[in-house]
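S.K.: I am attaching a structure below and will ask some questions about it afterwards.
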Amino acid sequence: MDKIKKDEFKLVRLKLNYKTTNENGQSGIDCGSLWQKFENENFVERIAEKLSDEIYAVYYDYEGDHTKPFSYFIGCKVKTEVQNSQGMDSLIIPAGKYYKVIAKGTMPGCVAGSWKKIWSSINDRAYQFDFEIYDERSKDWSNAEVEVFISSN
């Protein structure tokens, strides 16, 4: 697990309109529903000024550790100066130090398994902005690779 510095960046598209929690698997249901909306309504193609086709899934606005409520966002990276279009949410991910974890295997289990390891092994989490990056390597669900970045102190 590497610790790296990331520069600030901006995302636009879609946020969960309420906080969710990992309790009783609720976040899997809520985040899964947001992913379905994101994909079914083809939001990637509707972001006119995206910098790439990478999709970011962001966990933020934590009310404590991973057992407490948090907010969730799915979107693509754009230039910071891009203005929000009607119906688009935006989120600024601040510069900071992050642990980089690579989730590999069958989706979505490999990502869920990585999070379970993160919860039990990273002691200096900042609980600020954690995110996953989905790109070409994550398209084959039987042999996927997803980068997971965990904010640290």
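Just remember, in the structure tokens the first chain shown is A, the second B, etc., residues are 1-based per chain, and ligands are 1-based in the order shown.
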Tell me, as a count of residues only, which residues lie within 7 Å of segment 89-96 of chain A, counting only C-alpha atoms; anything in the same chain fewer than 2 positions away does not count.
M.R.: 15
S.K.: Residues near Lys97 of chain A, anyone? I mean within 8 Å using only C-alpha atoms, not counting same-chain ones fewer than 3 positions away, as a PyMOL selection string.
M.R.: chain A and resi 3-6+151-153
S.K.: Print the selection's residues with all heavy atoms to a file, as an mmCIF file, in the first residue's frame.
M.R.:
```cif
data_model
loop_
_atom_site.group_PDB
_atom_site.id
_atom_site.type_symbol
_atom_site.label_atom_id
_atom_site.label_comp_id
_atom_site.auth_asym_id
_atom_site.auth_seq_id
_atom_site.Cartn_x
_atom_site.Cartn_y
_atom_site.Cartn_z
ATOM 1 N N LYS A 3 1.672 5.389 -0.141
ATOM 2 C CA LYS A 3 1.110 6.664 0.293
ATOM 3 C C LYS A 3 1.609 7.720 -0.692
ATOM 4 O O LYS A 3 2.809 7.835 -0.918
ATOM 5 C CB LYS A 3 1.550 6.993 1.717
ATOM 6 C CG LYS A 3 0.733 8.068 2.382
ATOM 7 C CD LYS A 3 1.119 8.164 3.851
ATOM 8 C CE LYS A 3 0.134 8.980 4.626
ATOM 9 N NZ LYS A 3 0.494 9.060 6.046
ATOM 10 N N ILE A 4 0.668 8.441 -1.315
ATOM 11 C CA ILE A 4 1.037 9.417 -2.334
ATOM 12 C C ILE A 4 0.314 10.733 -2.096
ATOM 13 O O ILE A 4 -0.657 10.797 -1.344
ATOM 14 C CB ILE A 4 0.710 8.891 -3.750
ATOM 15 C CG1 ILE A 4 -0.795 8.622 -3.903
ATOM 16 C CG2 ILE A 4 1.498 7.644 -4.075
ATOM 17 C CD1 ILE A 4 -1.216 8.295 -5.302
ATOM 18 N N LYS A 5 0.789 11.778 -2.771
ATOM 19 C CA LYS A 5 0.146 13.090 -2.696
ATOM 20 C C LYS A 5 -0.651 13.292 -3.974
ATOM 21 O O LYS A 5 -0.177 12.983 -5.058
ATOM 22 C CB LYS A 5 1.196 14.183 -2.552
ATOM 23 C CG LYS A 5 0.596 15.559 -2.363
ATOM 24 C CD LYS A 5 1.625 16.522 -1.825
ATOM 25 C CE LYS A 5 1.165 17.933 -1.677
ATOM 26 N NZ LYS A 5 -0.206 18.211 -1.441
ATOM 27 N N LYS A 6 -1.866 13.783 -3.835
ATOM 28 C CA LYS A 6 -2.722 14.073 -4.982
ATOM 29 C C LYS A 6 -3.044 15.559 -4.982
ATOM 30 O O LYS A 6 -3.263 16.157 -3.919
ATOM 31 C CB LYS A 6 -4.050 13.292 -4.896
ATOM 32 C CG LYS A 6 -3.923 11.786 -4.918
ATOM 33 C CD LYS A 6 -3.598 11.232 -6.262
ATOM 34 C CE LYS A 6 -4.827 11.086 -7.118
ATOM 35 N NZ LYS A 6 -4.518 10.541 -8.445
ATOM 36 N N SER A 151 -7.921 8.935 2.096
ATOM 37 C CA SER A 151 -7.298 10.134 2.678
ATOM 38 C C SER A 151 -6.638 9.790 3.999
ATOM 39 O O SER A 151 -7.165 9.035 4.801
ATOM 40 C CB SER A 151 -8.326 11.245 2.848
ATOM 41 O OG SER A 151 -9.402 10.838 3.654
ATOM 42 N N SER A 152 -5.429 10.349 4.195
ATOM 43 C CA SER A 152 -4.702 10.056 5.413
ATOM 44 C C SER A 152 -4.247 11.346 6.091
ATOM 45 O O SER A 152 -4.255 12.414 5.483
ATOM 46 C CB SER A 152 -3.488 9.171 5.118
ATOM 47 O OG SER A 152 -2.519 9.888 4.404
ATOM 48 N N ASN A 153 -3.855 11.217 7.342
ATOM 49 C CA ASN A 153 -3.370 12.365 8.103
ATOM 50 C C ASN A 153 -1.913 12.626 7.797
ATOM 51 O O ASN A 153 -1.202 11.807 7.312
ATOM 52 C CB ASN A 153 -3.546 12.120 9.608
ATOM 53 C CG ASN A 153 -5.012 12.036 9.974
ATOM 54 O OD1 ASN A 153 -5.809 12.853 9.556
ATOM 55 N ND2 ASN A 153 -5.372 11.025 10.744
#
```
S.K.: Go through A:Glu132, A:Glu54, A:Glu81, A:Glu147 one by one, measure the shortest atom-to-atom distance of each to Lys104 of chain A using only C-alpha atoms, and give the residue with the smallest value.
M.R.: A:Glu147
S.K.: What gap, in Å, lies between atom CA of Val146 of chain A and atom CA of Gly113 of chain A?
M.R.: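 Here the two named atoms are 11.9 Å from each other.
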S.K.: With only C-alpha atoms as the atoms that count, which of A:Asp30, A:Asp135, A:Asp140, A:Glu39 lies nearest to Tyr56 of chain A?
M.R.: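 Selected residue with least distance to Tyr56 of chain A: A:Asp135.
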